[in-house]
Every structure is written in structure tokens, then in C-alpha cells.
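Working notes, structure below.
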Amino acid sequence: MKLAILAVGHKPPAWVAAGCAEYVKRMPRELALSVVEVKPEPRGSKSREQLLAAERTRLLVAMQGCGRMVVLDERGVDLPTLKLAERLEGWMRVGGDTAFVIGGADGVDETLKGQASECIRLSSLTLPHALARLILCEQLYRAISIVRKHPYHREG
């Protein structure tokens with residue numbers, strides 16, 4: 001099974017890329033993780049709907065082969081780490097690749113959200129998109145650590 005984080009945006013700061021690379025490296029071979037940058041649509045004189053539609057097309061191309069799509073959205077379901085671990089374990093039993101979508105500055109197209117298996121949020125706080133990538137990488141690593149009963153995650 002493969003996991004992909006599809007993030008609309010430009011190249012993140014070096015410290016974000018390094019952090020993501022570290023968690024990608026830590027993931028087990030049978031649960032490979034990748035972070036894919038999806039080019040944002042140039043703003044120009046386009047409406048928000050036109051921008052989101054263009055980004056939706058790019059995201060759909062990037063997620064080909066993924067049977068499950070999880071959209072990150074500020075209005076998504078609050079999913080504590082242990083629940084994410086349970087979801088991940090269930091997805092592993094069922095199989096199929098999973099794409100996590102982080103939208104651009106204008107969010108994610110409503111049509112794409114409607115096609116998602118689920119919408120989750122990382123925080124009630126507004127996070128910069130680059131930081132959301134890093135947090136998601138860490139949380140996916142933490143989730144697989146919980147599933148495997150690895151001591152990385154400690155319950156207090």
C-alpha cells in the first residue's frame with residue numbers, strides 16, 4: 001500500500017522539505033509515503049472557482065491509481081492520532097493506495113471534496129500549507145508506529 005500527500009503549492013522552505021524527507025524515510029517499505037507538489041494555478045484575472053477547477057484537474061492526474069482520497073480541510077472531521085491509526089490499520093487491511101490532498105491558498109474544489117472518502121482537519125488552528133505537509137507526514141509516521149506498537153508514540 002502506498003500513501004501520497006498531494007500538496008498544491010510551491011516548493012516549501014528547506015526545513016519543511018527536510019522534515020518531510022525524514023518521515024518519508026522512516027516509513028516502512030510496505031507503506032511507502034511520498035509528498036507530491038502540485039502546481040497552483042496562476043491567479044491572474046481568474047475567479048476562485050476557475051482556479052480551484054484547474055487545480056482539481058491537476059490533483060486528479062496526480063492521484064491516478066489511488067483508490068482512496070482524504071481531503072484536508074479546516075471544516076473536516078477532527079481526527080485524533082489514535083483514530084488516525086485505527087483508520088490507517090483498516091485501510092491496510094482493505095488495501096489500495098491513499099492520497100491525502102492539501103489544497104492551495106484558496107482551498108480545495110467542492111466537487112473534489114464531494115468525491116473524497118473523507119475530509120479531516122489537522123487542527124482547529126489555521127496552518128500554513130507547508131507546515132500542514134510536515135505535520136501530516138509526522139502524524140502518518142506516528143499512526144503506523146501505533147499500529148506496530150513501536151515506542152515512538154507514548155500515551156500519558
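Lettering and numbering for the C-alpha cells are positional, with chains as A, B, ... in the shown order, residues counted from 1 in each chain, and ligands counted from 1 in the shown order.
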Range 1-147 of chain A: which residues are helix (DSSP H, G or I) by DSSP, as a PDB file with C-alpha atoms, in the first residue's frame?
ATOM      1  CA  ALA A  14      14.186  23.784   3.161  1.00  0.00           C
ATOM      2  CA  TRP A  15      13.394  22.917   6.780  1.00  0.00           C
ATOM      3  CA  VAL A  16       9.909  21.677   5.792  1.00  0.00           C
ATOM      4  CA  ALA A  17      11.303  19.601   2.908  1.00  0.00           C
ATOM      5  CA  ALA A  18      13.973  18.142   5.216  1.00  0.00           C
ATOM      6  CA  GLY A  19      11.407  17.278   7.880  1.00  0.00           C
ATOM      7  CA  CYS A  20       9.083  15.635   5.368  1.00  0.00           C
ATOM      8  CA  ALA A  21      12.007  13.698   3.867  1.00  0.00           C
ATOM      9  CA  GLU A  22      12.919  12.390   7.320  1.00  0.00           C
ATOM     10  CA  TYR A  23       9.435  10.981   7.953  1.00  0.00           C
ATOM     11  CA  VAL A  24       9.180   9.611   4.396  1.00  0.00           C
ATOM     12  CA  LYS A  25      12.456   7.758   5.050  1.00  0.00           C
ATOM     13  CA  ARG A  26      11.170   6.333   8.343  1.00  0.00           C
ATOM     14  CA  ARG A  29       8.601  -0.268   2.787  1.00  0.00           C
ATOM     15  CA  GLU A  30       5.138  -1.808   2.706  1.00  0.00           C
ATOM     16  CA  LEU A  31       3.613   1.597   3.496  1.00  0.00           C
ATOM     17  CA  ARG A  48     -11.758  31.432  -7.372  1.00  0.00           C
ATOM     18  CA  GLU A  49     -13.894  28.737  -8.995  1.00  0.00           C
ATOM     19  CA  GLN A  50     -11.710  28.725 -12.129  1.00  0.00           C
ATOM     20  CA  LEU A  51      -8.543  28.484 -10.026  1.00  0.00           C
ATOM     21  CA  LEU A  52      -9.914  25.597  -7.971  1.00  0.00           C
ATOM     22  CA  ALA A  53     -11.180  23.771 -11.070  1.00  0.00           C
ATOM     23  CA  ALA A  54      -7.737  23.948 -12.694  1.00  0.00           C
ATOM     24  CA  GLU A  55      -6.092  22.683  -9.509  1.00  0.00           C
ATOM     25  CA  ARG A  56      -8.719  19.919  -9.249  1.00  0.00           C
ATOM     26  CA  THR A  57      -7.694  18.682 -12.697  1.00  0.00           C
ATOM     27  CA  ARG A  58      -4.017  18.607 -11.684  1.00  0.00           C
ATOM     28  CA  LEU A  59      -4.824  16.829  -8.432  1.00  0.00           C
ATOM     29  CA  LEU A  60      -6.877  14.166 -10.211  1.00  0.00           C
ATOM     30  CA  VAL A  61      -3.975  13.478 -12.563  1.00  0.00           C
ATOM     31  CA  ALA A  62      -1.557  13.277  -9.621  1.00  0.00           C
ATOM     32  CA  THR A  81      -3.975  10.476  16.401  1.00  0.00           C
ATOM     33  CA  LEU A  82      -5.291   7.186  17.781  1.00  0.00           C
ATOM     34  CA  LYS A  83      -8.306   7.367  15.444  1.00  0.00           C
ATOM     35  CA  LEU A  84      -5.968   8.080  12.509  1.00  0.00           C
ATOM     36  CA  ALA A  85      -4.003   4.963  13.493  1.00  0.00           C
ATOM     37  CA  GLU A  86      -7.249   2.940  13.519  1.00  0.00           C
ATOM     38  CA  ARG A  87      -8.178   4.290  10.078  1.00  0.00           C
ATOM     39  CA  LEU A  88      -4.707   3.510   8.734  1.00  0.00           C
ATOM     40  CA  GLU A  89      -4.881  -0.029  10.082  1.00  0.00           C
ATOM     41  CA  GLY A  90      -8.285  -0.515   8.428  1.00  0.00           C
ATOM     42  CA  TRP A  91      -7.034   0.874   5.113  1.00  0.00           C
ATOM     43  CA  MET A  92      -4.089  -1.508   5.289  1.00  0.00           C
ATOM     44  CA  ARG A  93      -6.453  -4.457   5.759  1.00  0.00           C
ATOM     45  CA  VAL A  94      -8.576  -3.393   2.786  1.00  0.00           C
ATOM     46  CA  GLU A 110     -16.056  21.452  -3.646  1.00  0.00           C
ATOM     47  CA  THR A 111     -16.533  18.799  -6.347  1.00  0.00           C
ATOM     48  CA  LEU A 112     -13.269  17.156  -5.324  1.00  0.00           C
ATOM     49  CA  LYS A 113     -14.275  17.283  -1.658  1.00  0.00           C
ATOM     50  CA  GLY A 114     -17.510  15.544  -2.617  1.00  0.00           C
ATOM     51  CA  GLN A 115     -15.534  12.712  -4.232  1.00  0.00           C
ATOM     52  CA  HIS A 129       0.214  24.774   3.893  1.00  0.00           C
ATOM     53  CA  ALA A 130       3.903  23.859   4.119  1.00  0.00           C
ATOM     54  CA  LEU A 131       3.572  23.210   7.837  1.00  0.00           C
ATOM     55  CA  ALA A 132       0.456  21.084   7.228  1.00  0.00           C
ATOM     56  CA  ARG A 133       2.589  18.848   4.957  1.00  0.00           C
ATOM     57  CA  LEU A 134       5.140  18.321   7.701  1.00  0.00           C
ATOM     58  CA  ILE A 135       2.533  17.712  10.399  1.00  0.00           C
ATOM     59  CA  LEU A 136       0.733  15.181   8.207  1.00  0.00           C
ATOM     60  CA  CYS A 137       3.993  13.346   7.460  1.00  0.00           C
ATOM     61  CA  GLU A 138       4.733  13.121  11.178  1.00  0.00           C
ATOM     62  CA  GLN A 139       1.203  12.010  12.043  1.00  0.00           C
ATOM     63  CA  LEU A 140       1.247   9.261   9.420  1.00  0.00           C
ATOM     64  CA  TYR A 141       4.555   8.021  10.821  1.00  0.00           C
ATOM     65  CA  ARG A 142       3.127   8.218  14.338  1.00  0.00           C
ATOM     66  CA  ALA A 143      -0.003   6.326  13.230  1.00  0.00           C
ATOM     67  CA  ILE A 144       1.990   3.432  11.757  1.00  0.00           C
ATOM     68  CA  SER A 145       4.131   3.414  14.914  1.00  0.00           C
ATOM     69  CA  ILE A 146       0.961   2.970  16.971  1.00  0.00           C
ATOM     70  CA  VAL A 147      -0.301   0.204  14.678  1.00  0.00           C
TER      71      VAL A 147
END
**Which residue of A:Val8, A:Val38, A:Val101, A:Leu122 approaches Cys66 in chain A most closely, using only C-alpha atoms** =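 Using only C-alpha atoms, the shortest distance to Cys66 in chain A belongs to A:Val101.
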**Item:** From A:Arg121, A:Lys11, A:Arg75, A:Arg68, residue lying nearest Asp97 in chain A [only C-alpha atoms]
**Value:**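 Residue with the minimum atom-to-atom distance to Asp97 in chain A: A:Arg68.
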**Item:** Interatomic distance, CA of Val36 in chain A to CA of Ala4 in chain A (Å, one decimal)
**Value:** 7.0 Å
**Asked** When distances are computed from only C-alpha atoms, which of A:Met27, A:Ser45, A:Cys119, A:Gly67 shows the smallest separation from Gly103 in chain A?
**Response**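 Among the listed residues, the smallest separation from Gly103 in chain A belongs to A:Cys119.
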**Message:** Would you compute the distance between CA of Ile102 in chain A and CA of Arg148 in chain A? Give it in Å to one decimal.
**Reply:** 26.4 Å
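Straight-line separation from CA of Gln64 in chain A to CA of Pro80 in chain A: 28.0 Å.
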**Message:** What parts of range 53-89 of chain A does DSSP call strand (DSSP E)? I'd like the answer as a ChimeraX atom specification.
**Reply:** /A:66-78
For the residues in the current selection, export N, CA, C and O atoms as a short mmCIF file (atom, residue, chain, number, x, y, z; two decimals), in the first residue's frame.
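Result file follows (result_30.cif):
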data_model
loop_
_atom_site.label_atom_id
_atom_site.label_comp_id
_atom_site.auth_asym_id
_atom_site.auth_seq_id
_atom_site.Cartn_x
_atom_site.Cartn_y
_atom_site.Cartn_z
N CYS A 66 -4.82 5.89 -7.06
CA CYS A 66 -5.19 5.91 -5.64
C CYS A 66 -6.69 5.66 -5.54
O CYS A 66 -7.48 6.41 -6.09
N GLY A 67 -7.05 4.63 -4.84
CA GLY A 67 -8.46 4.30 -4.69
C GLY A 67 -9.15 5.05 -3.58
O GLY A 67 -10.37 5.05 -3.49
N ARG A 68 -8.36 5.69 -2.73
CA ARG A 68 -8.92 6.38 -1.57
C ARG A 68 -8.36 7.80 -1.53
O ARG A 68 -7.15 8.00 -1.64
N MET A 69 -9.25 8.78 -1.37
CA MET A 69 -8.82 10.17 -1.27
C MET A 69 -9.31 10.75 0.05
O MET A 69 -10.49 10.64 0.39
N VAL A 70 -8.37 11.35 0.77
CA VAL A 70 -8.68 12.02 2.03
C VAL A 70 -8.30 13.48 1.85
O VAL A 70 -7.15 13.79 1.57
N VAL A 71 -9.27 14.36 1.97
CA VAL A 71 -9.03 15.79 1.80
C VAL A 71 -8.83 16.43 3.17
O VAL A 71 -9.60 16.16 4.10
N LEU A 72 -7.80 17.24 3.28
CA LEU A 72 -7.58 18.01 4.50
C LEU A 72 -8.29 19.34 4.35
O LEU A 72 -8.09 20.05 3.36
N ASP A 73 -9.13 19.64 5.32
CA ASP A 73 -9.96 20.83 5.23
C ASP A 73 -10.22 21.33 6.65
O ASP A 73 -10.45 20.53 7.55
N GLU A 74 -10.22 22.65 6.81
CA GLU A 74 -10.45 23.21 8.14
C GLU A 74 -11.81 22.86 8.71
O GLU A 74 -12.03 22.90 9.92
N ARG A 75 -12.76 22.50 7.86
CA ARG A 75 -14.09 22.12 8.33
C ARG A 75 -14.27 20.60 8.36
O ARG A 75 -15.37 20.09 8.53
N GLY A 76 -13.17 19.87 8.19
CA GLY A 76 -13.24 18.42 8.19
C GLY A 76 -13.41 17.86 9.60
O GLY A 76 -13.44 18.59 10.59
N VAL A 77 -13.52 16.57 9.67
CA VAL A 77 -13.69 15.86 10.94
C VAL A 77 -12.39 15.95 11.75
O VAL A 77 -11.30 15.77 11.22
N ASP A 78 -12.55 16.23 13.03
CA ASP A 78 -11.41 16.24 13.94
C ASP A 78 -11.02 14.79 14.19
O ASP A 78 -11.84 14.00 14.68
#
**Nearest candidate to Glu41 in chain A (options A:Ala99, A:Lys2, A:Leu79, A:Asp106; using only C-alpha atoms)** = A:Asp106
**Request:** Can you work out which one of A:Leu125, A:Val35, A:Ile120, A:Ala105 has the shortest atom-to-atom distance to Ile5 in chain A, counting only C-alpha atoms?
**Result:**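 Smallest distance to Ile5 in chain A is found for A:Val35.
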